[in-house]
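A short worksheet on the structure shown next.
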Amino acid sequence: MPTTNQNTSRKGRQTKQKVVEVPQMDAYGRKQPQQLDFEAAVLGAMLVEQDAYERVSNLLTPDVFYDHRNQIIYKAIQALQMNQRPVDIITVPQYLESQGELEEAGGVMYIAQLSQNVITSAHIEYQAQIIQQKFQARRLITFSSRVLAGAFDPTQDVADLMQQTEHELYDIAKETQRTSYTQINPVVEEAMAKIKENMGRADGLSGLNTGFEKLNRITNGWQNSDLIIIAARPAMGKTAFILSMMKRMAVDMHIPVAMFSLEMANVQLVNRLISNVCEIPGEKLKSGQLSQVELSQLDARVNLLTDVPIYIDDTPQLSIFELRTKARRLVRENGVKMILIDYLQLMNASGMAFGSRQEEVSTISRSLKALAKELNIPIVALSQLNRGVENREGVEGKRPQLSDLRESGAIEQDADMVCFIHRPEYYKIFEVEGVDMTGKAEFIIAKHRNGATDLIRLRFHNKYARFEDYEDYGPAPLPGSEYPAMKSTQGDDVESMELNMPDVPLPDTPFGASDPVTDNTPPF
């Protein structure tokens, strides 16, 4: 209901009356959540004790105050503190008067009353928390009213309403869960516990095993809360790489993995995974023209995909808000340890207005990083590169660069790691630094927030949609036998190749040859 503020100046003249609309009741006649005495106590404490503001400034913003006068006074206190000026019953009215807001804030008498009613500021943190909680309760009332009105609106798309509802509710919850500073002792204890846990791991990694030995050495595994971008031009094998990684992690090591495929249907994706696992060309699986040996191999190995912890969502035009909801559920109900997205530029942020596609992609990349941190798992997102690569010449020119990331520089900024897949063979470059690149690919770590950048060479089998470690070739397991993770035949002292390190050609041993790699094979 409207309240009238009437102020009197020091000369006793009556000032202009100002009506401030303060809604006291909702549509059902219930009083809005508020704690006006606590608001007065908190502001009064700030007027008489210099450290009071610092103790609660992380909890309070002007809009958490229910009384409009208190909102204006708190804004004035914020401004004075920001300019390193004293805050008291003299400076606050002076500042408000200079801004033409003294009358609207209740006048000098109201501000003086705030300070007179304060005995101690001992409970100011508790009082500020209650004020904040009342504000969140009012926000939920407003939020639920909008949802209710939308649900009754016959022109409202229910799917859009649900996405918008989830997005807004998440924002409210996120603002409520403010974290304060932490004294270093418990953090040290947590870090030491993690170090001891890593010491007990057989693979010696601090993160998730990627399934690729040299990649593990550089990254120590995919780290929790990291956003990893894997980018490439079309036909470089982005999807084949994450399918190979998913096979090694979920099938070989039983690590739960979820994949959001915006480009391919789930059946198409699984067909490529079957080709990867069973070593049968994808074209033959598509046409059904299998020999008796291939059919036996298919029957023997396809069972390896039964009950593996792989979860696939092929929703087209997936929004970041839908993904966030589904990802939380996958982690909560299925214990998913990593999320894969194919690919980032096909996502959208529906329900929000943007000036350009670049702004939308920036919002998506920031949201993915926030989701990785919230769920404390690595998120690997594929990304397209622009056509700048095609216009450059030479071996170095064709290698992707960070500036080639398509549609948004924010992807580079938000990601903890940015990696590129490059196959020189695609550009008719068959030799790089003395190495035959036929059937080989370069996995380039161009940005690594917590480690080194480097270049790794992998073998690529296009017909099986499969990437392997450079040394991972030899006899295939017998049909029906256990399908273990592939192991390198090289020793543990093999180092990953630096970008400028010269290479020695490897003998052309065909995949699946019966002769194993000899011990004197040069490392790459």
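Chain identifiers are assigned as A, B, and so on, following the order in which chains appear in the structure tokens; residues are numbered from 1 within each chain, and ligands are numbered from 1 in order of appearance.
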
Tell me which protein, DNA and RNA residues are within 12 Å of A:Ala327, counting only C-alpha atoms, leaving out same-chain ones fewer than 2 positions away, and put them as a ChimeraX atom specification. /A:257-260,311-313,320-325,329-341,368,371-372,374-379

Give me the residues within 6 Å of stretch 245-251 of chain A as a list in words, counting only C-alpha atoms and dropping any in the same chain fewer than 2 places off.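 My reading of the contact set: Gly211, Ile242, Leu243, Met253, His254, Ile255, Pro256, Val308 and Pro309 of chain A.
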
Residues as selected, N, CA and C atoms, written as a compact mmCIF listing (two decimals), in the first residue's frame, can you do that?
# COMPACT_ATOMS: atom_id res chain seq x y z
N GLY A 211 42.80 -42.33 -22.25
CA GLY A 211 42.92 -43.47 -23.13
C GLY A 211 44.08 -43.35 -24.09
N ILE A 242 36.64 -38.30 -30.43
CA ILE A 242 35.94 -38.45 -29.15
C ILE A 242 35.27 -39.81 -29.04
N LEU A 243 34.91 -40.43 -30.18
CA LEU A 243 34.40 -41.80 -30.13
C LEU A 243 35.50 -42.76 -29.70
N MET A 253 37.77 -49.01 -19.66
CA MET A 253 38.02 -48.66 -18.25
C MET A 253 36.74 -48.45 -17.44
N HIS A 254 35.57 -48.60 -18.07
CA HIS A 254 34.27 -48.51 -17.39
C HIS A 254 34.07 -47.18 -16.67
N ILE A 255 34.55 -46.11 -17.30
CA ILE A 255 34.32 -44.77 -16.77
C ILE A 255 33.02 -44.24 -17.38
N PRO A 256 32.02 -43.87 -16.59
CA PRO A 256 30.75 -43.38 -17.14
C PRO A 256 30.94 -42.08 -17.93
N VAL A 308 27.64 -51.01 -21.16
CA VAL A 308 28.74 -50.09 -20.87
C VAL A 308 28.14 -48.75 -20.43
N PRO A 309 28.85 -47.99 -19.56
CA PRO A 309 28.30 -46.74 -19.03
C PRO A 309 28.43 -45.57 -20.01

With DSSP run on the backbone, what are the helix (DSSP H, G or I) residues within stretch 119-270 of chain A? I'd like them as JSON, numbers by chain. {"A": [124, 125, 126, 127, 128, 129, 130, 131, 132, 133, 134, 135, 136, 137, 138, 139, 140, 141, 142, 143, 144, 145, 146, 147, 148, 149, 150, 151, 152, 158, 159, 160, 161, 162, 163, 164, 165, 166, 167, 168, 169, 170, 171, 172, 173, 174, 175, 176, 184, 185, 186, 187, 188, 189, 190, 191, 192, 193, 194, 195, 196, 197, 198, 199, 213, 214, 215, 216, 217, 218, 219, 238, 239, 240, 241, 242, 243, 244, 245, 246, 247, 248, 249, 250, 251, 252, 266, 267, 268, 269, 270]}

Could you please take those selected residues and save C-alpha atoms as a PDB file, in the first residue's frame?
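Final output, saved to again-v1.pdb:
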ATOM      1  CA  ILE A 124      24.901  -7.560  12.023  1.00  0.00           C
ATOM      2  CA  GLU A 125      25.967 -10.625  10.009  1.00  0.00           C
ATOM      3  CA  TYR A 126      22.960 -12.614  11.205  1.00  0.00           C
ATOM      4  CA  GLN A 127      20.633  -9.686  10.531  1.00  0.00           C
ATOM      5  CA  ALA A 128      22.055  -9.249   7.021  1.00  0.00           C
ATOM      6  CA  GLN A 129      21.501 -12.944   6.267  1.00  0.00           C
ATOM      7  CA  ILE A 130      17.850 -12.661   7.290  1.00  0.00           C
ATOM      8  CA  ILE A 131      17.407  -9.589   5.080  1.00  0.00           C
ATOM      9  CA  GLN A 132      18.937 -11.487   2.183  1.00  0.00           C
ATOM     10  CA  GLN A 133      16.688 -14.506   2.763  1.00  0.00           C
ATOM     11  CA  LYS A 134      13.571 -12.317   2.799  1.00  0.00           C
ATOM     12  CA  PHE A 135      14.669 -10.803  -0.500  1.00  0.00           C
ATOM     13  CA  GLN A 136      15.136 -14.256  -2.048  1.00  0.00           C
ATOM     14  CA  ALA A 137      11.670 -15.232  -0.802  1.00  0.00           C
ATOM     15  CA  ARG A 138      10.197 -12.179  -2.549  1.00  0.00           C
ATOM     16  CA  ARG A 139      12.080 -13.098  -5.720  1.00  0.00           C
ATOM     17  CA  LEU A 140      10.630 -16.612  -5.610  1.00  0.00           C
ATOM     18  CA  ILE A 141       7.122 -15.168  -5.210  1.00  0.00           C
ATOM     19  CA  THR A 142       7.623 -12.937  -8.247  1.00  0.00           C
ATOM     20  CA  PHE A 143       9.219 -15.784 -10.188  1.00  0.00           C
ATOM     21  CA  SER A 144       6.428 -18.269  -9.417  1.00  0.00           C
ATOM     22  CA  SER A 145       3.785 -15.679 -10.324  1.00  0.00           C
ATOM     23  CA  ARG A 146       5.334 -15.257 -13.763  1.00  0.00           C
ATOM     24  CA  VAL A 147       5.534 -19.033 -14.230  1.00  0.00           C
ATOM     25  CA  LEU A 148       1.890 -19.400 -13.183  1.00  0.00           C
ATOM     26  CA  ALA A 149       0.786 -16.672 -15.579  1.00  0.00           C
ATOM     27  CA  GLY A 150       2.782 -18.280 -18.397  1.00  0.00           C
ATOM     28  CA  ALA A 151       1.288 -21.706 -17.692  1.00  0.00           C
ATOM     29  CA  PHE A 152      -2.240 -20.256 -18.001  1.00  0.00           C
ATOM     30  CA  VAL A 158       5.394 -24.923 -22.731  1.00  0.00           C
ATOM     31  CA  ALA A 159       8.874 -26.127 -23.719  1.00  0.00           C
ATOM     32  CA  ASP A 160      10.167 -22.538 -23.871  1.00  0.00           C
ATOM     33  CA  LEU A 161       8.492 -21.772 -20.545  1.00  0.00           C
ATOM     34  CA  MET A 162      10.163 -24.763 -18.890  1.00  0.00           C
ATOM     35  CA  GLN A 163      13.595 -23.786 -20.228  1.00  0.00           C
ATOM     36  CA  GLN A 164      13.171 -20.187 -19.092  1.00  0.00           C
ATOM     37  CA  THR A 165      11.892 -21.348 -15.704  1.00  0.00           C
ATOM     38  CA  GLU A 166      14.883 -23.641 -15.158  1.00  0.00           C
ATOM     39  CA  HIS A 167      17.279 -20.884 -16.230  1.00  0.00           C
ATOM     40  CA  GLU A 168      15.817 -18.255 -13.893  1.00  0.00           C
ATOM     41  CA  LEU A 169      15.548 -20.638 -10.954  1.00  0.00           C
ATOM     42  CA  TYR A 170      19.185 -21.658 -11.438  1.00  0.00           C
ATOM     43  CA  ASP A 171      20.236 -17.995 -11.399  1.00  0.00           C
ATOM     44  CA  ILE A 172      18.323 -17.383  -8.166  1.00  0.00           C
ATOM     45  CA  ALA A 173      19.874 -20.443  -6.535  1.00  0.00           C
ATOM     46  CA  LYS A 174      23.356 -19.498  -7.738  1.00  0.00           C
ATOM     47  CA  GLU A 175      23.102 -16.008  -6.268  1.00  0.00           C
ATOM     48  CA  THR A 176      21.918 -17.464  -2.976  1.00  0.00           C
ATOM     49  CA  ILE A 184      44.133 -21.866   4.165  1.00  0.00           C
ATOM     50  CA  ASN A 185      44.349 -24.767   6.675  1.00  0.00           C
ATOM     51  CA  PRO A 186      41.344 -26.795   5.415  1.00  0.00           C
ATOM     52  CA  VAL A 187      42.399 -26.118   1.813  1.00  0.00           C
ATOM     53  CA  VAL A 188      45.885 -27.479   2.522  1.00  0.00           C
ATOM     54  CA  GLU A 189      44.344 -30.562   4.101  1.00  0.00           C
ATOM     55  CA  GLU A 190      42.139 -31.094   1.048  1.00  0.00           C
ATOM     56  CA  ALA A 191      45.116 -30.668  -1.300  1.00  0.00           C
ATOM     57  CA  MET A 192      47.212 -33.149   0.703  1.00  0.00           C
ATOM     58  CA  ALA A 193      44.379 -35.679   0.679  1.00  0.00           C
ATOM     59  CA  LYS A 194      44.176 -35.343  -3.113  1.00  0.00           C
ATOM     60  CA  ILE A 195      47.961 -35.800  -3.461  1.00  0.00           C
ATOM     61  CA  LYS A 196      47.872 -38.964  -1.343  1.00  0.00           C
ATOM     62  CA  GLU A 197      44.919 -40.243  -3.358  1.00  0.00           C
ATOM     63  CA  ASN A 198      46.839 -39.671  -6.591  1.00  0.00           C
ATOM     64  CA  MET A 199      49.887 -41.457  -5.155  1.00  0.00           C
ATOM     65  CA  GLU A 213      49.288 -42.427 -23.254  1.00  0.00           C
ATOM     66  CA  LYS A 214      51.143 -39.371 -24.537  1.00  0.00           C
ATOM     67  CA  LEU A 215      48.128 -37.168 -23.984  1.00  0.00           C
ATOM     68  CA  ASN A 216      47.990 -38.437 -20.406  1.00  0.00           C
ATOM     69  CA  ARG A 217      51.648 -37.501 -19.868  1.00  0.00           C
ATOM     70  CA  ILE A 218      51.061 -33.906 -20.911  1.00  0.00           C
ATOM     71  CA  THR A 219      47.683 -33.351 -19.246  1.00  0.00           C
ATOM     72  CA  LYS A 238      36.728 -34.636 -34.493  1.00  0.00           C
ATOM     73  CA  THR A 239      33.863 -37.054 -33.896  1.00  0.00           C
ATOM     74  CA  ALA A 240      36.128 -40.047 -34.571  1.00  0.00           C
ATOM     75  CA  PHE A 241      38.523 -38.802 -31.899  1.00  0.00           C
ATOM     76  CA  ILE A 242      35.938 -38.448 -29.149  1.00  0.00           C
ATOM     77  CA  LEU A 243      34.396 -41.800 -30.128  1.00  0.00           C
ATOM     78  CA  SER A 244      37.846 -43.386 -29.801  1.00  0.00           C
ATOM     79  CA  MET A 245      38.305 -41.691 -26.457  1.00  0.00           C
ATOM     80  CA  MET A 246      34.819 -42.702 -25.321  1.00  0.00           C
ATOM     81  CA  LYS A 247      35.497 -46.313 -26.321  1.00  0.00           C
ATOM     82  CA  ARG A 248      38.748 -46.418 -24.355  1.00  0.00           C
ATOM     83  CA  MET A 249      37.248 -44.749 -21.293  1.00  0.00           C
ATOM     84  CA  ALA A 250      33.791 -46.361 -21.098  1.00  0.00           C
ATOM     85  CA  VAL A 251      34.377 -49.769 -22.728  1.00  0.00           C
ATOM     86  CA  ASP A 252      37.942 -50.478 -21.611  1.00  0.00           C
ATOM     87  CA  ASN A 266      22.228 -41.755 -31.879  1.00  0.00           C
ATOM     88  CA  VAL A 267      21.996 -44.756 -34.253  1.00  0.00           C
ATOM     89  CA  GLN A 268      24.545 -43.195 -36.632  1.00  0.00           C
ATOM     90  CA  LEU A 269      26.829 -42.500 -33.702  1.00  0.00           C
ATOM     91  CA  VAL A 270      26.548 -46.038 -32.343  1.00  0.00           C
TER      92      VAL A 270
END

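Here atom CA of A:Ser291 and atom CA of A:His461 stand 20.1 Å from one another.
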
Please list as a count of residues only every residue within 8 Å of A:Ser206, counting only C-alpha atoms and excluding residues in the same chain fewer than 3 positions away. 4

Report as a PyMOL selection string all protein, DNA and RNA residues lying within 6 Å of stretch 382-389 of chain A, evaluated on only C-alpha atoms, omitting residues in the same chain fewer than 5 positions from it. chain A and resi 229-233+342-344+398+404-406

Would you output that residue set with C-alpha atoms, as a CSV table (one decimal), in the first residue's frame?
chain,number,residue,atom,x,y,z
A,229,ILE,CA,37.8,-27.5,-26.5
A,230,ILE,CA,38.8,-29.8,-29.4
A,231,ALA,CA,38.6,-28.0,-32.7
A,232,ALA,CA,39.3,-28.8,-36.3
A,233,ARG,CA,38.2,-28.2,-39.8
A,342,ASP,CA,29.4,-32.5,-30.6
A,343,TYR,CA,29.6,-29.7,-31.3
A,344,LEU,CA,29.5,-26.3,-29.6
A,398,LYS,CA,47.8,-25.4,-42.6
A,404,ASP,CA,41.0,-19.8,-36.2
A,405,LEU,CA,38.4,-20.6,-33.6
A,406,ARG,CA,35.0,-19.9,-35.2

Report the distance between atom CA of A:Ala410 and atom CA of A:Glu390 in Å, rounded to one decimal place.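 So the two atoms, atom CA of A:Ala410 and atom CA of A:Glu390, lie 22.5 Å apart.
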
Which residues come within 6 Å of stretch 100-116 of chain A, counting only C-alpha atoms, excluding same-chain residues fewer than 4 positions away, as a count of residues only? 6

Looking at only C-alpha atoms, which of A:Ala446, A:Val302, A:Trp222, A:Glu283 is the one that sits closest to A:Ser403? A:Ala446

I want to know what sits within 9 Å of A:Thr315, based on only C-alpha atoms, with residues of the same chain fewer than 4 positions away left out; could you give that as a PyMOL selection string? chain A and resi 260-262+265

Could you turn the residues from that selection into a file that holds N, CA and C atoms, as a tab-separated table (two decimals), in the first residue's frame?
chain	number	residue	atom	x	y	z
A	260	PHE	N	26.49	-35.60	-25.83
A	260	PHE	CA	25.39	-34.86	-26.45
A	260	PHE	C	25.76	-34.64	-27.92
A	261	SER	N	25.04	-35.35	-28.79
A	261	SER	CA	25.34	-35.29	-30.22
A	261	SER	C	24.29	-34.44	-30.92
A	262	LEU	N	24.66	-33.22	-31.28
A	262	LEU	CA	23.73	-32.32	-31.95
A	262	LEU	C	23.77	-32.49	-33.46
A	265	ALA	N	22.50	-38.51	-35.42
A	265	ALA	CA	21.51	-39.28	-34.66
A	265	ALA	C	22.22	-40.36	-33.85

In Å, rounded to a single decimal, give me how far atom CA of A:Asn224 is from atom CA of A:Leu205.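 Atom CA of A:Leu205 sits 12.1 Å away from atom CA of A:Asn224.
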